[in-house]
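Since the structure comes first, as structure tokens, the remarks are kept for the end.
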Amino acid sequence: MTSEHTHSNGHTHSHATGQMAAAAASWLDSLSAEQRDKATYEYMDGERVFWYYPPLNRHGLPLRDMDDNQRKLAYSIMESGLTERAYKQAAQIIDLETTLGKVEKDAGIVSFRRDPELYYFTVFGDPRDSENPWAWRVEGHHVSLHYSIWGDKVISTTPFFFGSNPAEVLAGPDQGKRILGDREDLALELINGLSSEQERRAVIYAEAPYDILTYNSSRALFPQQEGLPGSQMNGAQREMMMSIISEYVSTVRDDVAQDKMSAIREQGLDDFYFAWGGGKERFSKHYYRIHGGNFVVEYDNRQNDANHIHSVLRDEENDFANDVLREHLLLYHVL
């Protein structure tokens with residue numbers, strides 16, 4: 001079935017899929033039978049479309065249960081899907097658990113155990129089988145990555161979630177560190193650069209919602225696009241909106257991300273809507289969303305005195321490769 005599934009008009013990604021398959025296979029080969037049992041599922045198992053970003057008991061194999069070599073191989077899977085910068089961000093988010101644990105302990109907050117070893121790696125299907133789709137997932141507190149591959153194409157890279165608590169480290173050796181700072185700064189620059197008329201359109205909530213509104217839904221749906229459309233922005237504002245979009249899309253390795261970025265540039269931003277909620281400066285609770293067609297970005301910084309970011313990229317039709325599977329009637333086998 002490899003020849004006919006050229007979903008969308010994107011290019012093939014044989015270099016990317018080759019690296020991902022090799023990384024996943026090497027990791028699986030390093031595992032004991034018992035470990036592999038935890039680490040693997042059938043591709044069409046319902047587990048594949050369950051995701052969430054708080055600390056919780058997950059399925060998959062956690063770093064805690066791997067030796068050093070297995071961890072290195074697990075990290076290689078994650079690295080195979082990301083740009084160098086995004087890979088560094090993911091590693092920093094994982095390390096931030098230690099900082100967060102200390103912050104909470106010093107503040108006398110009793111919370112979840114903050115543990116950088118509780119990040120779980122899972123493979124769905126067989127990375128060595130080029131005839132059928134397979135996927136890999138990395139998930140733990142504030143990191144949730146889902147990649148689906150079929151033959152020489154990466155058929156889905158969403159949902160893609162990064163969070164950061166604290167958003168800015170306020171004390172200690174890492175003081176000043178802001179892992180997701182650009183997601184905040186670019187959007188604040190855009191909202192503060194709007195005319196009062198534009199701002200009236202853009203602000204859809206007086207207060208920031210408590211969290212991203214799509215939460216961990218398997219399918220992200222907004223009934224309509226709300227806010228200020230790109231068609232009502234000037235050139236500089238549209239450039240800024242494109243920078244925010246790129247900040248999310250370009251976490252995925254370049255040879256895969258460029259398909260989506262080219263499609264967005266080609267389409268133009270007239271029908272992309274920028275929506276805002278809450279305050280307009282750092283450490284004021286704020287929320288934004290960019291929505292155009294199937295493309296949705298959501299960002300929320302409300303918790304912990306607006307020093308706790310949740311941010312996600314979704315594809316309304318093709319999260320978890322649903323659109324591709326529907327196109328090939330595979331989805332109907334499980335519905």
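By convention here, the chains of the structure tokens are called A, B, ... in the order presented, each chain's residues are numbered starting at 1, and ligands are numbered starting at 1 in the order presented.
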Residues of region 44-104 of chain A in alpha helix (DSSP H), written as number ranges by chain: A: 68-81, 84-104
Looking only at strand (DSSP E) from DSSP on the backbone, list the matching residues of region 169-292 of chain A as an MDAnalysis selection string. chainID A and resid 203:205 228:229 273:278 286:292
Rounded to one decimal, what separation in Å do you get between CA of Leu221 (chain A) and CA of Ile155 (chain A)? 19.8 Å
Using only C-alpha atoms, I'd like a table of the residues in region 35-91 of chain A that come within 10 Å of region 248-272 of chain A; for each, show the closest atom pair and its distance in Å rounded to one decimal, ordered by chain and ascending number, as JSON lines.
{"residue": "A:Glu79", "atom": "CA", "partner": "A:Arg253", "partner_atom": "CA", "distance": 8.9}
{"residue": "A:Ser80", "atom": "CA", "partner": "A:Arg253", "partner_atom": "CA", "distance": 7.7}
{"residue": "A:Gly81", "atom": "CA", "partner": "A:Arg253", "partner_atom": "CA", "distance": 5.6}
{"residue": "A:Leu82", "atom": "CA", "partner": "A:Arg253", "partner_atom": "CA", "distance": 4.4}
{"residue": "A:Thr83", "atom": "CA", "partner": "A:Arg253", "partner_atom": "CA", "distance": 4.4}
{"residue": "A:Glu84", "atom": "CA", "partner": "A:Arg253", "partner_atom": "CA", "distance": 8.0}
{"residue": "A:Arg85", "atom": "CA", "partner": "A:Thr251", "partner_atom": "CA", "distance": 7.4}
{"residue": "A:Ala86", "atom": "CA", "partner": "A:Thr251", "partner_atom": "CA", "distance": 5.1}
{"residue": "A:Tyr87", "atom": "CA", "partner": "A:Thr251", "partner_atom": "CA", "distance": 8.1}
{"residue": "A:Gln89", "atom": "CA", "partner": "A:Thr251", "partner_atom": "CA", "distance": 9.3}
{"residue": "A:Ala90", "atom": "CA", "partner": "A:Thr251", "partner_atom": "CA", "distance": 10.0}
